[in-house]
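A.B. asks: Have a look at this one before I ask anything.
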Amino acid sequence: MCNHLSNGLGFLLVVAVTSVVRCDEFEEVFRWKQINFNNLVQDDRKDFIFDDNDLAEGVSPLNETFTPYNNLPMGVTHHKGRIFVTIPRRRTGIPATLNVIKLSDVPSDEKSPKLTAYPDAITNQLRYSYEADSKRLVSVYRTRVDRCDRLWFVDTGFLEYPSHRKQVQRPSLWIIDLLQDRKVRQFEIPETIVTEGHGMASVTVDLSSDDCEEAYAYIPDLAFYRLYVYGFKENRMWTFRHEYLSFDPRMTGFSVAGVRFRWNDGIFSLAIGPKKPESSNDRTVYFHAMASTTEYQTSSLVLQNETLANEGEYDHFFTLVGDRGVKSQSTIHQFDSESGVLFYAEVNRNSIGCWNSAQRFEPDNQGIVQLNNKDFIYPSDITLDNEGDLWAITNGLPRWLYASFNTEEYNFRVWRQKPARAIEGTICAPGAL
């Protein structure tokens, strides 16, 4: 059973405004009480994260022994039978920030498989003295796959340990050919673009052309309230600044699983919408801050114009779409071109919301395709694979940050559903109005 919640002014009068409809819930693919790994590399000191060849006299690392409780998965992406799971380094004891699960290697009755470092363990190891090494990954939040079978992600280069926050190395954009498991390119983000990388928690790839060289990466910065655009062919990056990239001070309050907190996260996610009829390559690009319930839009041709970004005359190209309604703060959103529906990972409601782009953008036209206050706590990521399936991961992040997990319960889950089945019977379905 899924709910369509009309969240207008009478939202709190749940009985008066809630209608219950039939739809298919997301399938639970995997679940974990705590994360474990294949092939942990340990030496006599059990400092598995470091190389034996990396040791330096007089240098002592932090407590970097494997600490299962500190490993909180954040992102999920599926590509041709492999699931990529990210674990950003927000605490010590994380052996690999980028990991993979090969579905064909997982027995049908195994619901909590171990993760394997990707592309390998060495790439995921930190230097013993936390020195910079551009060949290694420090902290990755989320990944995306394009039509050309390439995995895109940002290594923030930043350790977010509560007592040891450190920019280890420059943040960088990585692109990996998944058919050969080979790095295609690594672009180091210069300090002239951003001083610290911890705000780059997602990436959206725009490949509107059939040419794999005509790819762009849109990287929101939730901490500095900016939007960075990387052109693959140009091999350059440029910056957009706008008031719509900041948070809404009225929407900084969150309540998840009994935990109340305030966040001022700015622009968090971009979604590539439909093509505009007057141009084959111009797409609507939707975006929102996390501490906000408002959706905005711009044009892909605007974002891809480096000259325009540098000249700064683009304010009028960023426009308001509308408001989703009460408690609809969202991490990631994805647009499904087949159905024309925008899907939202709504953390305050432990749900996946939806909006059919053929309808007006207003609270009464927002639907919910998945809602579960027991098992769907804090949807951190939602992706759409090249086969047309939606994937989501839930991780209970606020409990982990501000309270505690019960390690005897399942805390992390990966979910899957087809968009057409998800919206069936909701206001987001074609012809619902």
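Chain labels follow the order of the structure tokens: the first chain is A, the next B, and so on; residue numbering restarts at 1 in every chain, and ligands are counted from 1 in their shown order.
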Using only C-alpha atoms, I'd like a table of the residues in range 250-294 of chain A that come within 12 Å of range 336-342 of chain A; for each, show the closest atom pair and its distance in Å rounded to one decimal, ordered by chain and ascending number, as a tab-separated table.
C.D. replies:
residue	atom	partner	partner_atom	distance
A:Leu270	CA	A:Leu342	CA	11.0
A:Ala271	CA	A:Leu342	CA	8.1
A:Ile272	CA	A:Asp336	CA	9.0
A:Gly273	CA	A:Ser337	CA	7.2
A:Pro274	CA	A:Ser337	CA	6.5
A:Lys275	CA	A:Ser337	CA	9.2
A:Arg283	CA	A:Ser337	CA	11.3
A:Thr284	CA	A:Ser337	CA	11.7
A:Val285	CA	A:Leu342	CA	11.2
A:Tyr286	CA	A:Leu342	CA	9.2
A:Phe287	CA	A:Leu342	CA	11.1
A.B. asks: When DSSP is applied to the backbone of this structure, which of range 324-409 of chain A are assigned alpha helix (DSSP H)? Write them out as a PyMOL selection string.
C.D. replies: chain A and resi 397-402
A.B. asks: Selection from above, C-alpha atoms, as a short mmCIF file (atom, residue, chain, number, x, y, z; two decimals), in the first residue's frame, can you write it?
C.D. replies:
data_model
loop_
_atom_site.label_atom_id
_atom_site.label_comp_id
_atom_site.auth_asym_id
_atom_site.auth_seq_id
_atom_site.Cartn_x
_atom_site.Cartn_y
_atom_site.Cartn_z
CA LEU A 397 21.89 8.97 8.60
CA PRO A 398 20.46 11.28 11.33
CA ARG A 399 20.33 8.40 13.82
CA TRP A 400 23.97 7.63 13.07
CA LEU A 401 25.01 11.27 13.43
CA TYR A 402 22.98 12.40 16.43
#
A.B. asks: Using only C-alpha atoms for the distances, tell me which of A:Arg226, A:His164, A:Arg185, A:Lys80 is nearest to Met200 in chain A.
C.D. replies: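 Answer, going by the shortest atom-to-atom distance: A:Arg226.
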A.B. asks: At a cut-off of 9 Å, using only C-alpha atoms, what residues contact range 94-96 of chain A? Leave out same-chain residues fewer than 4 positions from it and give the result as a PDB file with N, CA, C and O atoms, in the first residue's frame.
C.D. replies:
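Saved to selection-v8.pdb:
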ATOM      1  N   PHE A  37      33.333  -6.312   4.432  1.00  0.00           N
ATOM      2  CA  PHE A  37      34.078  -6.222   3.177  1.00  0.00           C
ATOM      3  C   PHE A  37      34.793  -7.520   2.853  1.00  0.00           C
ATOM      4  O   PHE A  37      35.179  -8.280   3.749  1.00  0.00           O
ATOM      5  N   LEU A  40      39.847  -7.730   3.242  1.00  0.00           N
ATOM      6  CA  LEU A  40      40.441  -6.680   4.059  1.00  0.00           C
ATOM      7  C   LEU A  40      41.942  -6.925   4.171  1.00  0.00           C
ATOM      8  O   LEU A  40      42.394  -8.029   4.466  1.00  0.00           O
ATOM      9  N   VAL A  41      42.719  -5.874   3.938  1.00  0.00           N
ATOM     10  CA  VAL A  41      44.174  -5.971   4.007  1.00  0.00           C
ATOM     11  C   VAL A  41      44.621  -5.490   5.378  1.00  0.00           C
ATOM     12  O   VAL A  41      44.444  -4.330   5.732  1.00  0.00           O
ATOM     13  N   PHE A  48      44.706  -1.623   8.421  1.00  0.00           N
ATOM     14  CA  PHE A  48      44.441  -2.167   7.094  1.00  0.00           C
ATOM     15  C   PHE A  48      44.393  -1.096   6.015  1.00  0.00           C
ATOM     16  O   PHE A  48      44.532  -1.387   4.840  1.00  0.00           O
ATOM     17  N   ILE A  49      44.188   0.139   6.376  1.00  0.00           N
ATOM     18  CA  ILE A  49      44.009   1.188   5.372  1.00  0.00           C
ATOM     19  C   ILE A  49      45.342   1.604   4.747  1.00  0.00           C
ATOM     20  O   ILE A  49      45.385   2.175   3.682  1.00  0.00           O
ATOM     21  N   GLU A  64      42.652   3.867  12.709  1.00  0.00           N
ATOM     22  CA  GLU A  64      42.103   3.473  11.421  1.00  0.00           C
ATOM     23  C   GLU A  64      41.934   1.958  11.291  1.00  0.00           C
ATOM     24  O   GLU A  64      42.007   1.410  10.199  1.00  0.00           O
ATOM     25  N   THR A  65      41.758   1.257  12.394  1.00  0.00           N
ATOM     26  CA  THR A  65      41.391  -0.147  12.291  1.00  0.00           C
ATOM     27  C   THR A  65      39.943  -0.234  11.825  1.00  0.00           C
ATOM     28  O   THR A  65      39.147   0.675  12.054  1.00  0.00           O
ATOM     29  N   PHE A  66      39.610  -1.317  11.164  1.00  0.00           N
ATOM     30  CA  PHE A  66      38.268  -1.481  10.622  1.00  0.00           C
ATOM     31  C   PHE A  66      37.227  -1.380  11.735  1.00  0.00           C
ATOM     32  O   PHE A  66      37.255  -2.118  12.710  1.00  0.00           O
ATOM     33  N   THR A  67      36.308  -0.425  11.572  1.00  0.00           N
ATOM     34  CA  THR A  67      35.264  -0.175  12.562  1.00  0.00           C
ATOM     35  C   THR A  67      33.915  -0.301  11.861  1.00  0.00           C
ATOM     36  O   THR A  67      33.446   0.652  11.228  1.00  0.00           O
ATOM     37  N   PRO A  68      33.278  -1.468  11.938  1.00  0.00           N
ATOM     38  CA  PRO A  68      32.030  -1.682  11.188  1.00  0.00           C
ATOM     39  C   PRO A  68      30.990  -0.592  11.412  1.00  0.00           C
ATOM     40  O   PRO A  68      30.331  -0.153  10.454  1.00  0.00           O
ATOM     41  N   ASN A  70      31.206   2.487  11.873  1.00  0.00           N
ATOM     42  CA  ASN A  70      31.491   3.770  11.219  1.00  0.00           C
ATOM     43  C   ASN A  70      31.253   3.751   9.716  1.00  0.00           C
ATOM     44  O   ASN A  70      31.342   4.793   9.063  1.00  0.00           O
ATOM     45  N   ASN A  71      30.941   2.582   9.163  1.00  0.00           N
ATOM     46  CA  ASN A  71      30.760   2.452   7.720  1.00  0.00           C
ATOM     47  C   ASN A  71      29.283   2.618   7.362  1.00  0.00           C
ATOM     48  O   ASN A  71      28.474   1.689   7.516  1.00  0.00           O
ATOM     49  N   THR A  86      28.783   3.616  -2.242  1.00  0.00           N
ATOM     50  CA  THR A  86      29.798   4.538  -1.720  1.00  0.00           C
ATOM     51  C   THR A  86      29.669   4.679  -0.206  1.00  0.00           C
ATOM     52  O   THR A  86      28.577   4.623   0.354  1.00  0.00           O
ATOM     53  N   ILE A  87      30.810   4.875   0.440  1.00  0.00           N
ATOM     54  CA  ILE A  87      30.868   5.132   1.876  1.00  0.00           C
ATOM     55  C   ILE A  87      31.819   6.304   2.096  1.00  0.00           C
ATOM     56  O   ILE A  87      33.043   6.127   2.147  1.00  0.00           O
ATOM     57  N   PRO A  88      31.305   7.514   2.191  1.00  0.00           N
ATOM     58  CA  PRO A  88      32.193   8.660   2.415  1.00  0.00           C
ATOM     59  C   PRO A  88      32.878   8.564   3.765  1.00  0.00           C
ATOM     60  O   PRO A  88      32.328   8.015   4.716  1.00  0.00           O
ATOM     61  N   ARG A  89      34.091   9.091   3.832  1.00  0.00           N
ATOM     62  CA  ARG A  89      34.879   8.994   5.076  1.00  0.00           C
ATOM     63  C   ARG A  89      34.494  10.137   6.018  1.00  0.00           C
ATOM     64  O   ARG A  89      35.140  11.175   6.075  1.00  0.00           O
ATOM     65  N   ARG A  90      33.422   9.871   6.782  1.00  0.00           N
ATOM     66  CA  ARG A  90      32.959  10.830   7.786  1.00  0.00           C
ATOM     67  C   ARG A  90      33.416  10.421   9.178  1.00  0.00           C
ATOM     68  O   ARG A  90      33.268  11.192  10.124  1.00  0.00           O
ATOM     69  N   LEU A 115      30.976  -6.089   0.656  1.00  0.00           N
ATOM     70  CA  LEU A 115      31.378  -5.162  -0.392  1.00  0.00           C
ATOM     71  C   LEU A 115      32.814  -5.435  -0.811  1.00  0.00           C
ATOM     72  O   LEU A 115      33.635  -5.885  -0.007  1.00  0.00           O
ATOM     73  N   THR A 116      33.123  -5.125  -2.065  1.00  0.00           N
ATOM     74  CA  THR A 116      34.478  -5.255  -2.595  1.00  0.00           C
ATOM     75  C   THR A 116      34.952  -3.887  -3.062  1.00  0.00           C
ATOM     76  O   THR A 116      34.235  -3.190  -3.804  1.00  0.00           O
ATOM     77  N   ALA A 117      36.136  -3.495  -2.629  1.00  0.00           N
ATOM     78  CA  ALA A 117      36.676  -2.191  -3.018  1.00  0.00           C
ATOM     79  C   ALA A 117      36.778  -2.092  -4.542  1.00  0.00           C
ATOM     80  O   ALA A 117      37.189  -3.043  -5.220  1.00  0.00           O
ATOM     81  N   TYR A 118      36.408  -0.925  -5.082  1.00  0.00           N
ATOM     82  CA  TYR A 118      36.468  -0.706  -6.521  1.00  0.00           C
ATOM     83  C   TYR A 118      37.243   0.589  -6.821  1.00  0.00           C
ATOM     84  O   TYR A 118      37.065   1.583  -6.110  1.00  0.00           O
ATOM     85  N   ASP A 120      39.935  -1.181  -6.924  1.00  0.00           N
ATOM     86  CA  ASP A 120      40.734  -2.132  -6.156  1.00  0.00           C
ATOM     87  C   ASP A 120      40.990  -1.546  -4.777  1.00  0.00           C
ATOM     88  O   ASP A 120      40.678  -0.379  -4.499  1.00  0.00           O
ATOM     89  N   ALA A 121      41.575  -2.367  -3.901  1.00  0.00           N
ATOM     90  CA  ALA A 121      41.804  -1.947  -2.513  1.00  0.00           C
ATOM     91  C   ALA A 121      42.845  -0.837  -2.408  1.00  0.00           C
ATOM     92  O   ALA A 121      42.699   0.094  -1.611  1.00  0.00           O
ATOM     93  N   THR A 123      43.620   1.571  -4.475  1.00  0.00           N
ATOM     94  CA  THR A 123      43.073   2.870  -4.860  1.00  0.00           C
ATOM     95  C   THR A 123      42.271   3.491  -3.725  1.00  0.00           C
ATOM     96  O   THR A 123      42.183   4.715  -3.606  1.00  0.00           O
ATOM     97  N   ASN A 124      41.717   2.646  -2.858  1.00  0.00           N
ATOM     98  CA  ASN A 124      40.884   3.123  -1.752  1.00  0.00           C
ATOM     99  C   ASN A 124      41.644   3.312  -0.445  1.00  0.00           C
ATOM    100  O   ASN A 124      41.068   3.750   0.544  1.00  0.00           O
ATOM    101  N   GLN A 125      42.929   2.974  -0.420  1.00  0.00           N
ATOM    102  CA  GLN A 125      43.702   3.111   0.816  1.00  0.00           C
ATOM    103  C   GLN A 125      44.194   4.540   1.015  1.00  0.00           C
ATOM    104  O   GLN A 125      44.612   5.210   0.065  1.00  0.00           O
ATOM    105  N   LEU A 126      44.163   4.981   2.253  1.00  0.00           N
ATOM    106  CA  LEU A 126      44.749   6.272   2.605  1.00  0.00           C
ATOM    107  C   LEU A 126      46.244   6.108   2.850  1.00  0.00           C
ATOM    108  O   LEU A 126      46.702   5.040   3.252  1.00  0.00           O
ATOM    109  N   LEU A 137      41.662   7.358  -3.683  1.00  0.00           N
ATOM    110  CA  LEU A 137      40.396   7.995  -3.340  1.00  0.00           C
ATOM    111  C   LEU A 137      40.330   8.262  -1.844  1.00  0.00           C
ATOM    112  O   LEU A 137      40.663   7.392  -1.036  1.00  0.00           O
ATOM    113  N   VAL A 138      39.873   9.442  -1.493  1.00  0.00           N
ATOM    114  CA  VAL A 138      39.709   9.797  -0.087  1.00  0.00           C
ATOM    115  C   VAL A 138      38.263   9.612   0.356  1.00  0.00           C
ATOM    116  O   VAL A 138      37.972   8.890   1.311  1.00  0.00           O
ATOM    117  N   SER A 139      37.318  10.260  -0.343  1.00  0.00           N
ATOM    118  CA  SER A 139      35.924  10.206   0.101  1.00  0.00           C
ATOM    119  C   SER A 139      34.985  10.468  -1.074  1.00  0.00           C
ATOM    120  O   SER A 139      35.057  11.513  -1.713  1.00  0.00           O
TER     121      SER A 139
END
A.B. asks: So which residues touch range 246-255 of chain A within 6 Å, counting only C-alpha atoms, skipping near sequence neighbours fewer than 3 positions away, as a ChimeraX atom specification?
C.D. replies: /A:225,243,259-264,266,289,291-292
A.B. asks: Got a sec to tell me which of range 127-366 of chain A DSSP assigns to strand (DSSP E or B), as an MDAnalysis selection string?
C.D. replies: chainID A and resid 140:145 150:155 158:161 164:167 172:177 182:188 204:206 216:221 226:231 236:241 253:256 259:262 267:275 283:289 294:299 319:323 330:336 341:346 351:356 366
A.B. asks: Which residues come within 10 Å of Thr331 in chain A, counting only C-alpha atoms, excluding same-chain residues fewer than 5 positions away, as an MDAnalysis selection string?
C.D. replies: chainID A and resid 201:202 265 267:269 288:291 344:348 378:382
A.B. asks: Just checking: using only C-alpha atoms, which residue out of A:Leu207, A:Leu222, A:Ile332, A:Leu72 ends up closest to Trp391 in chain A?
C.D. replies: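 The answer is A:Ile332, which sits nearest to Trp391 in chain A.
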